[in-house]
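Next up, final-v8.cif (mmCIF, N, CA and C atoms):
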```cif
data_run
loop_
_atom_site.label_atom_id
_atom_site.label_comp_id
_atom_site.auth_asym_id
_atom_site.auth_seq_id
_atom_site.Cartn_x
_atom_site.Cartn_y
_atom_site.Cartn_z
N MET A 38 20.53 -38.50 -28.05
CA MET A 38 20.68 -39.73 -28.79
C MET A 38 22.15 -40.16 -28.83
N GLU A 39 23.05 -39.18 -28.90
CA GLU A 39 24.46 -39.52 -28.90
C GLU A 39 24.86 -40.24 -27.62
N ARG A 40 24.30 -39.82 -26.50
CA ARG A 40 24.60 -40.46 -25.22
C ARG A 40 24.11 -41.91 -25.23
N ILE A 41 22.98 -42.17 -25.85
CA ILE A 41 22.44 -43.52 -25.92
C ILE A 41 23.36 -44.40 -26.76
N VAL A 42 23.80 -43.88 -27.90
CA VAL A 42 24.72 -44.63 -28.75
C VAL A 42 26.02 -44.89 -28.01
N GLU A 43 26.50 -43.90 -27.27
CA GLU A 43 27.74 -44.07 -26.50
C GLU A 43 27.59 -45.16 -25.45
N ARG A 44 26.43 -45.19 -24.78
CA ARG A 44 26.19 -46.21 -23.75
C ARG A 44 26.11 -47.61 -24.34
N THR A 45 25.65 -47.70 -25.59
CA THR A 45 25.44 -49.01 -26.22
C THR A 45 26.39 -49.21 -27.39
N LYS A 46 27.58 -48.63 -27.32
CA LYS A 46 28.47 -48.63 -28.47
C LYS A 46 28.89 -50.01 -28.92
N GLU A 47 28.98 -50.97 -28.01
CA GLU A 47 29.36 -52.33 -28.43
C GLU A 47 28.32 -52.91 -29.37
N SER A 48 27.04 -52.83 -28.99
CA SER A 48 26.00 -53.35 -29.88
C SER A 48 25.84 -52.47 -31.12
N TYR A 49 26.14 -51.19 -30.98
CA TYR A 49 26.09 -50.28 -32.14
C TYR A 49 27.08 -50.73 -33.21
N TYR A 50 28.33 -51.00 -32.79
CA TYR A 50 29.34 -51.42 -33.76
C TYR A 50 29.05 -52.82 -34.30
N ASP A 51 28.53 -53.71 -33.46
CA ASP A 51 28.13 -55.03 -33.95
C ASP A 51 27.05 -54.91 -35.02
N THR A 52 26.10 -54.03 -34.78
CA THR A 52 25.01 -53.82 -35.73
C THR A 52 25.52 -53.24 -37.04
N LEU A 53 26.41 -52.26 -36.95
CA LEU A 53 26.99 -51.70 -38.18
C LEU A 53 27.72 -52.77 -38.97
N TYR A 54 28.45 -53.62 -38.27
CA TYR A 54 29.19 -54.68 -38.94
C TYR A 54 28.21 -55.63 -39.65
N GLN A 55 27.16 -56.06 -38.94
CA GLN A 55 26.18 -56.97 -39.54
C GLN A 55 25.50 -56.34 -40.75
N SER A 56 25.16 -55.08 -40.64
CA SER A 56 24.44 -54.40 -41.72
C SER A 56 25.30 -54.18 -42.95
N SER A 57 26.61 -54.08 -42.76
CA SER A 57 27.47 -53.76 -43.90
C SER A 57 28.06 -54.99 -44.59
N GLN A 58 27.76 -56.18 -44.08
CA GLN A 58 28.27 -57.39 -44.72
C GLN A 58 27.74 -57.51 -46.15
N ASN A 59 28.60 -57.83 -47.09
CA ASN A 59 28.27 -58.00 -48.53
C ASN A 59 27.80 -56.69 -49.16
N TRP A 60 28.22 -55.57 -48.59
CA TRP A 60 27.82 -54.27 -49.14
C TRP A 60 28.35 -54.08 -50.56
N HIS A 61 29.58 -54.49 -50.81
CA HIS A 61 30.19 -54.30 -52.13
C HIS A 61 29.47 -55.10 -53.21
N GLN A 62 28.82 -56.17 -52.82
CA GLN A 62 28.04 -56.97 -53.79
C GLN A 62 26.59 -56.51 -53.87
N GLY A 63 26.24 -55.51 -53.09
CA GLY A 63 24.86 -55.01 -53.09
C GLY A 63 23.89 -55.96 -52.41
N GLN A 64 24.39 -56.80 -51.50
CA GLN A 64 23.53 -57.78 -50.83
C GLN A 64 23.48 -57.56 -49.32
N HIS A 65 23.78 -56.35 -48.89
CA HIS A 65 23.74 -56.06 -47.45
C HIS A 65 22.30 -55.91 -46.98
N SER A 66 22.12 -55.97 -45.67
CA SER A 66 20.78 -55.89 -45.10
C SER A 66 20.72 -54.72 -44.12
N LEU A 67 19.70 -53.92 -44.27
CA LEU A 67 19.50 -52.81 -43.34
C LEU A 67 18.73 -53.24 -42.09
N LEU A 68 18.22 -54.46 -42.08
CA LEU A 68 17.38 -54.92 -40.99
C LEU A 68 18.09 -54.86 -39.62
N PRO A 69 19.35 -55.32 -39.48
CA PRO A 69 19.98 -55.20 -38.15
C PRO A 69 20.08 -53.75 -37.67
N TRP A 70 20.43 -52.84 -38.56
CA TRP A 70 20.53 -51.43 -38.19
C TRP A 70 19.16 -50.88 -37.81
N TRP A 71 18.15 -51.20 -38.57
CA TRP A 71 16.80 -50.72 -38.30
C TRP A 71 16.30 -51.23 -36.95
N GLU A 72 16.56 -52.51 -36.65
CA GLU A 72 16.14 -53.07 -35.36
C GLU A 72 16.87 -52.39 -34.21
N TYR A 73 18.17 -52.14 -34.39
CA TYR A 73 18.94 -51.44 -33.35
C TYR A 73 18.40 -50.03 -33.16
N PHE A 74 18.19 -49.31 -34.26
CA PHE A 74 17.74 -47.93 -34.17
C PHE A 74 16.39 -47.83 -33.47
N LEU A 75 15.44 -48.66 -33.88
CA LEU A 75 14.11 -48.60 -33.27
C LEU A 75 14.10 -49.19 -31.86
N GLY A 76 14.74 -50.33 -31.70
CA GLY A 76 14.67 -51.05 -30.44
C GLY A 76 15.54 -50.47 -29.33
N VAL A 77 16.64 -49.84 -29.69
CA VAL A 77 17.55 -49.32 -28.68
C VAL A 77 17.50 -47.80 -28.62
N VAL A 78 17.81 -47.15 -29.73
CA VAL A 78 17.94 -45.70 -29.73
C VAL A 78 16.60 -45.01 -29.50
N VAL A 79 15.63 -45.29 -30.32
CA VAL A 79 14.34 -44.60 -30.21
C VAL A 79 13.64 -44.95 -28.90
N LEU A 80 13.61 -46.23 -28.56
CA LEU A 80 12.94 -46.64 -27.32
C LEU A 80 13.62 -46.04 -26.09
N SER A 81 14.96 -46.06 -26.06
CA SER A 81 15.68 -45.47 -24.92
C SER A 81 15.45 -43.96 -24.84
N ALA A 82 15.48 -43.29 -25.98
CA ALA A 82 15.25 -41.85 -26.00
C ALA A 82 13.84 -41.54 -25.50
N TYR A 83 12.87 -42.33 -25.92
CA TYR A 83 11.49 -42.11 -25.48
C TYR A 83 11.36 -42.31 -23.97
N ARG A 84 11.99 -43.37 -23.45
CA ARG A 84 11.92 -43.62 -22.01
C ARG A 84 12.59 -42.50 -21.22
N GLU A 85 13.73 -42.03 -21.71
CA GLU A 85 14.42 -40.92 -21.04
C GLU A 85 13.55 -39.66 -21.08
N PHE A 86 12.90 -39.42 -22.21
CA PHE A 86 12.00 -38.28 -22.34
C PHE A 86 10.85 -38.39 -21.33
N GLU A 87 10.28 -39.58 -21.20
CA GLU A 87 9.20 -39.79 -20.24
C GLU A 87 9.66 -39.48 -18.82
N GLN A 88 10.87 -39.92 -18.48
CA GLN A 88 11.39 -39.66 -17.14
C GLN A 88 11.57 -38.17 -16.91
N ARG A 89 12.11 -37.47 -17.90
CA ARG A 89 12.34 -36.03 -17.74
C ARG A 89 11.03 -35.27 -17.63
N VAL A 90 10.06 -35.65 -18.42
CA VAL A 90 8.76 -34.98 -18.37
C VAL A 90 8.12 -35.26 -17.01
N GLY A 91 8.33 -36.46 -16.48
CA GLY A 91 7.79 -36.80 -15.17
C GLY A 91 8.38 -35.95 -14.06
N LEU A 92 9.60 -35.45 -14.26
CA LEU A 92 10.24 -34.61 -13.25
C LEU A 92 9.72 -33.17 -13.28
N VAL A 93 9.14 -32.76 -14.40
CA VAL A 93 8.65 -31.39 -14.51
C VAL A 93 7.32 -31.30 -13.77
N SER A 94 7.32 -30.56 -12.73
CA SER A 94 6.14 -30.44 -11.89
C SER A 94 6.26 -29.17 -11.07
N SER A 95 5.19 -28.80 -10.42
CA SER A 95 5.24 -27.60 -9.59
C SER A 95 5.46 -27.94 -8.11
N VAL A 96 5.69 -29.21 -7.81
CA VAL A 96 5.89 -29.64 -6.44
C VAL A 96 7.23 -29.09 -5.93
N LYS A 97 7.23 -28.64 -4.69
CA LYS A 97 8.44 -28.07 -4.10
C LYS A 97 9.54 -29.14 -4.03
N GLY A 98 10.74 -28.76 -4.45
CA GLY A 98 11.88 -29.66 -4.40
C GLY A 98 12.14 -30.44 -5.66
N VAL A 99 11.30 -30.29 -6.67
CA VAL A 99 11.46 -31.04 -7.91
C VAL A 99 12.73 -30.62 -8.64
N LYS A 100 13.01 -29.34 -8.68
CA LYS A 100 14.20 -28.87 -9.39
C LYS A 100 15.47 -29.32 -8.68
N THR A 101 15.46 -29.32 -7.36
CA THR A 101 16.60 -29.82 -6.61
C THR A 101 16.81 -31.30 -6.92
N ALA A 102 15.73 -32.05 -6.93
CA ALA A 102 15.82 -33.48 -7.25
C ALA A 102 16.34 -33.69 -8.67
N MET A 103 15.93 -32.82 -9.59
CA MET A 103 16.39 -32.92 -10.98
C MET A 103 17.90 -32.72 -11.06
N VAL A 104 18.41 -31.72 -10.34
CA VAL A 104 19.85 -31.45 -10.35
C VAL A 104 20.61 -32.60 -9.69
N LEU A 105 20.13 -33.08 -8.56
CA LEU A 105 20.79 -34.19 -7.88
C LEU A 105 20.78 -35.45 -8.73
N ASP A 106 19.69 -35.68 -9.46
CA ASP A 106 19.61 -36.82 -10.36
C ASP A 106 20.61 -36.66 -11.50
N ALA A 107 20.73 -35.46 -12.04
CA ALA A 107 21.69 -35.21 -13.11
C ALA A 107 23.12 -35.44 -12.62
N ILE A 108 23.41 -34.99 -11.41
CA ILE A 108 24.75 -35.22 -10.84
C ILE A 108 25.00 -36.72 -10.68
N GLY A 109 23.99 -37.42 -10.22
CA GLY A 109 24.13 -38.87 -10.03
C GLY A 109 24.35 -39.63 -11.32
N ASN A 110 23.84 -39.10 -12.44
CA ASN A 110 23.95 -39.78 -13.73
C ASN A 110 25.20 -39.41 -14.51
N ILE A 111 25.95 -38.44 -14.03
CA ILE A 111 27.19 -38.04 -14.72
C ILE A 111 28.32 -38.94 -14.22
N ALA A 112 29.01 -39.58 -15.15
CA ALA A 112 30.05 -40.54 -14.78
C ALA A 112 31.46 -39.95 -14.84
N TYR A 113 31.56 -38.66 -14.97
CA TYR A 113 32.87 -38.01 -15.12
C TYR A 113 32.83 -36.67 -14.40
N ASP A 114 33.98 -35.99 -14.36
CA ASP A 114 34.01 -34.64 -13.79
C ASP A 114 33.10 -33.76 -14.64
N PHE A 115 32.43 -32.81 -14.01
CA PHE A 115 31.46 -31.99 -14.73
C PHE A 115 31.57 -30.54 -14.30
N SER A 116 30.95 -29.68 -15.09
CA SER A 116 30.94 -28.25 -14.80
C SER A 116 29.50 -27.81 -14.55
N ILE A 117 29.37 -26.57 -14.12
CA ILE A 117 28.03 -26.01 -13.94
C ILE A 117 27.30 -25.97 -15.28
N LYS A 118 28.03 -25.69 -16.34
CA LYS A 118 27.43 -25.66 -17.68
C LYS A 118 26.83 -27.02 -18.05
N ASP A 119 27.52 -28.12 -17.69
CA ASP A 119 26.98 -29.46 -17.94
C ASP A 119 25.63 -29.64 -17.24
N LEU A 120 25.55 -29.17 -16.01
CA LEU A 120 24.29 -29.27 -15.27
C LEU A 120 23.21 -28.39 -15.88
N GLN A 121 23.58 -27.20 -16.35
CA GLN A 121 22.61 -26.32 -16.98
C GLN A 121 22.04 -26.96 -18.25
N GLU A 122 22.87 -27.69 -18.99
CA GLU A 122 22.40 -28.35 -20.21
C GLU A 122 21.44 -29.49 -19.87
N ARG A 123 21.72 -30.20 -18.79
CA ARG A 123 20.87 -31.32 -18.40
C ARG A 123 19.60 -30.87 -17.67
N CYS A 124 19.63 -29.69 -17.08
CA CYS A 124 18.49 -29.17 -16.31
C CYS A 124 18.17 -27.75 -16.78
N PRO A 125 17.66 -27.61 -17.99
CA PRO A 125 17.45 -26.26 -18.54
C PRO A 125 16.41 -25.42 -17.80
N THR A 126 15.55 -26.04 -17.03
CA THR A 126 14.53 -25.27 -16.31
C THR A 126 15.00 -24.80 -14.94
N VAL A 127 16.23 -25.16 -14.56
CA VAL A 127 16.76 -24.82 -13.24
C VAL A 127 17.71 -23.64 -13.38
N GLY A 128 17.54 -22.64 -12.54
CA GLY A 128 18.39 -21.45 -12.57
C GLY A 128 19.79 -21.73 -12.04
N ILE A 129 20.74 -20.93 -12.49
CA ILE A 129 22.13 -21.12 -12.10
C ILE A 129 22.34 -20.91 -10.60
N ASP A 130 21.58 -20.02 -9.99
CA ASP A 130 21.72 -19.79 -8.55
C ASP A 130 21.36 -21.04 -7.75
N LEU A 131 20.30 -21.73 -8.16
CA LEU A 131 19.91 -22.96 -7.46
C LEU A 131 20.97 -24.04 -7.68
N ILE A 132 21.48 -24.15 -8.90
CA ILE A 132 22.53 -25.14 -9.18
C ILE A 132 23.75 -24.87 -8.29
N ARG A 133 24.15 -23.62 -8.19
CA ARG A 133 25.30 -23.28 -7.34
C ARG A 133 25.04 -23.61 -5.87
N ARG A 134 23.82 -23.31 -5.40
CA ARG A 134 23.48 -23.60 -4.01
C ARG A 134 23.54 -25.11 -3.75
N ILE A 135 23.02 -25.89 -4.67
CA ILE A 135 23.04 -27.35 -4.51
C ILE A 135 24.48 -27.87 -4.51
N LEU A 136 25.31 -27.33 -5.40
CA LEU A 136 26.71 -27.76 -5.45
C LEU A 136 27.43 -27.42 -4.14
N ARG A 137 27.16 -26.24 -3.59
CA ARG A 137 27.77 -25.87 -2.30
C ARG A 137 27.32 -26.83 -1.19
N GLN A 138 26.03 -27.14 -1.18
CA GLN A 138 25.50 -28.06 -0.16
C GLN A 138 26.14 -29.44 -0.29
N GLU A 139 26.27 -29.91 -1.52
CA GLU A 139 26.87 -31.23 -1.75
C GLU A 139 28.35 -31.23 -1.38
N ARG A 140 29.03 -30.12 -1.64
CA ARG A 140 30.45 -30.02 -1.25
C ARG A 140 30.57 -30.00 0.27
N THR A 141 29.72 -29.23 0.95
CA THR A 141 29.75 -29.15 2.41
C THR A 141 29.46 -30.51 3.04
N SER A 142 28.56 -31.28 2.42
CA SER A 142 28.21 -32.60 2.96
C SER A 142 29.25 -33.66 2.62
N GLY A 143 30.24 -33.30 1.77
CA GLY A 143 31.31 -34.23 1.45
C GLY A 143 31.04 -35.15 0.27
N ARG A 144 29.97 -34.92 -0.46
CA ARG A 144 29.65 -35.77 -1.60
C ARG A 144 30.30 -35.29 -2.90
N LEU A 145 30.71 -34.02 -2.94
CA LEU A 145 31.35 -33.44 -4.13
C LEU A 145 32.60 -32.68 -3.72
N GLU A 146 33.51 -32.56 -4.67
CA GLU A 146 34.65 -31.68 -4.45
C GLU A 146 34.81 -30.80 -5.69
N CYS A 147 35.23 -29.57 -5.47
CA CYS A 147 35.42 -28.61 -6.55
C CYS A 147 36.89 -28.64 -6.97
N LEU A 148 37.11 -28.73 -8.28
CA LEU A 148 38.46 -28.82 -8.83
C LEU A 148 38.80 -27.54 -9.58
N GLY A 149 38.90 -26.45 -8.91
CA GLY A 149 39.23 -25.19 -9.56
C GLY A 149 38.31 -24.08 -9.13
N ARG A 150 38.46 -22.96 -9.81
CA ARG A 150 37.66 -21.78 -9.49
C ARG A 150 37.18 -21.15 -10.79
N GLY A 151 36.14 -20.36 -10.67
CA GLY A 151 35.64 -19.61 -11.83
C GLY A 151 34.72 -20.43 -12.72
N PRO A 152 34.38 -19.88 -13.88
CA PRO A 152 33.41 -20.52 -14.75
C PRO A 152 33.87 -21.86 -15.33
N ASP A 153 35.17 -22.12 -15.35
CA ASP A 153 35.68 -23.38 -15.90
C ASP A 153 35.95 -24.41 -14.81
N ALA A 154 35.51 -24.17 -13.59
CA ALA A 154 35.73 -25.11 -12.49
C ALA A 154 35.02 -26.42 -12.79
N ARG A 155 35.66 -27.51 -12.45
CA ARG A 155 35.08 -28.84 -12.62
C ARG A 155 34.70 -29.38 -11.24
N TRP A 156 33.73 -30.24 -11.21
CA TRP A 156 33.25 -30.86 -9.98
C TRP A 156 33.40 -32.37 -10.11
N ARG A 157 33.71 -33.02 -9.00
CA ARG A 157 33.90 -34.48 -8.99
C ARG A 157 33.13 -35.08 -7.83
N LYS A 158 32.50 -36.21 -8.11
CA LYS A 158 31.82 -36.95 -7.05
C LYS A 158 32.87 -37.70 -6.24
N LYS A 159 32.64 -37.76 -4.93
CA LYS A 159 33.58 -38.50 -4.06
C LYS A 159 33.11 -39.91 -3.87
#
```
Can you give me the file's structure in the form of structure tokens?
Amino acid sequence: MERIVERTKESYYDTLYQSSQNWHQGQHSLLPWWEYFLGVVVLSAYREFEQRVGLVSSVKGVKTAMVLDAIGNIAYDFSIKDLQERCPTVGIDLIRRILRQERTSGRLECLGRGPDARWRKK
């Protein structure tokens, strides 16, 4: 949910501003906040949940696709731990193998060594 709020932070702050108007007089309205919460946060979280559940399958290659999708959705340098959090059903060995393949193909570069190494998309 925090990621959703971060993605929509402009409308989040606009909504907070609208909801807090006349708060000191006790005449503020919770309606803008409620509409934002239900219409943006809950609906987006539900859609993301549906997508993730759709990826869980026994078909060969699904876990690889899940990791590649997670890499594609990260907008910053990331670590193996970030991928493990986004793909909890995928083992670390598979994540490492995919990262090596992506580095070899020139789509990723490794920025360091060891458990704190960061990865960057090219």
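Computed from the coordinates, the CA of Lys159 in chain A to CA of Leu145 in chain A distance equals 5.5 Å.
Applied to the file shown here, the PyMOL selection byres ((chain A and resi 70-86) around 7) selects the residues Met38, Ile41, Val42, Thr52, Leu53, Gln55, Ser56, Ser66, Leu67, Leu68, Pro69, Glu87, Gln88, Arg89, Val90 and Gly91 of chain A.
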Report as a PyMOL selection string the residues that result from applying the PyMOL selection byres ((chain A and resi 112-120) around 5) to the structure here. chain A and resi 110-111+121-124+154-157
Reconstructed N, CA, C and O atoms for range 134-146 of chain A, given as a short mmCIF file (atom, residue, chain, number, x, y, z; two decimals), in the frame of the given file:
```cif
data_model
loop_
_atom_site.label_atom_id
_atom_site.label_comp_id
_atom_site.auth_asym_id
_atom_site.auth_seq_id
_atom_site.Cartn_x
_atom_site.Cartn_y
_atom_site.Cartn_z
N ARG A 134 23.82 -23.31 -5.40
CA ARG A 134 23.48 -23.60 -4.01
C ARG A 134 23.54 -25.11 -3.75
O ARG A 134 24.07 -25.55 -2.72
N ILE A 135 23.02 -25.89 -4.67
CA ILE A 135 23.04 -27.35 -4.51
C ILE A 135 24.48 -27.87 -4.51
O ILE A 135 24.85 -28.71 -3.69
N LEU A 136 25.31 -27.33 -5.40
CA LEU A 136 26.71 -27.76 -5.45
C LEU A 136 27.43 -27.42 -4.14
O LEU A 136 28.21 -28.24 -3.62
N ARG A 137 27.16 -26.24 -3.59
CA ARG A 137 27.77 -25.87 -2.30
C ARG A 137 27.32 -26.83 -1.19
O ARG A 137 28.12 -27.27 -0.37
N GLN A 138 26.03 -27.14 -1.18
CA GLN A 138 25.50 -28.06 -0.16
C GLN A 138 26.14 -29.44 -0.29
O GLN A 138 26.50 -30.06 0.71
N GLU A 139 26.27 -29.91 -1.52
CA GLU A 139 26.87 -31.23 -1.75
C GLU A 139 28.35 -31.23 -1.38
O GLU A 139 28.87 -32.23 -0.88
N ARG A 140 29.03 -30.12 -1.64
CA ARG A 140 30.45 -30.02 -1.25
C ARG A 140 30.57 -30.00 0.27
O ARG A 140 31.42 -30.70 0.85
N THR A 141 29.72 -29.23 0.95
CA THR A 141 29.75 -29.15 2.41
C THR A 141 29.46 -30.51 3.04
O THR A 141 30.06 -30.88 4.04
N SER A 142 28.56 -31.28 2.42
CA SER A 142 28.21 -32.60 2.96
C SER A 142 29.25 -33.66 2.62
O SER A 142 29.16 -34.79 3.10
N GLY A 143 30.24 -33.30 1.77
CA GLY A 143 31.31 -34.23 1.45
C GLY A 143 31.04 -35.15 0.27
O GLY A 143 31.81 -36.07 0.01
N ARG A 144 29.97 -34.92 -0.46
CA ARG A 144 29.65 -35.77 -1.60
C ARG A 144 30.30 -35.29 -2.90
O ARG A 144 30.42 -36.06 -3.85
N LEU A 145 30.71 -34.02 -2.94
CA LEU A 145 31.35 -33.44 -4.13
C LEU A 145 32.60 -32.68 -3.72
O LEU A 145 32.69 -32.21 -2.59
N GLU A 146 33.51 -32.56 -4.67
CA GLU A 146 34.65 -31.68 -4.45
C GLU A 146 34.81 -30.80 -5.69
O GLU A 146 34.54 -31.23 -6.81
#
```
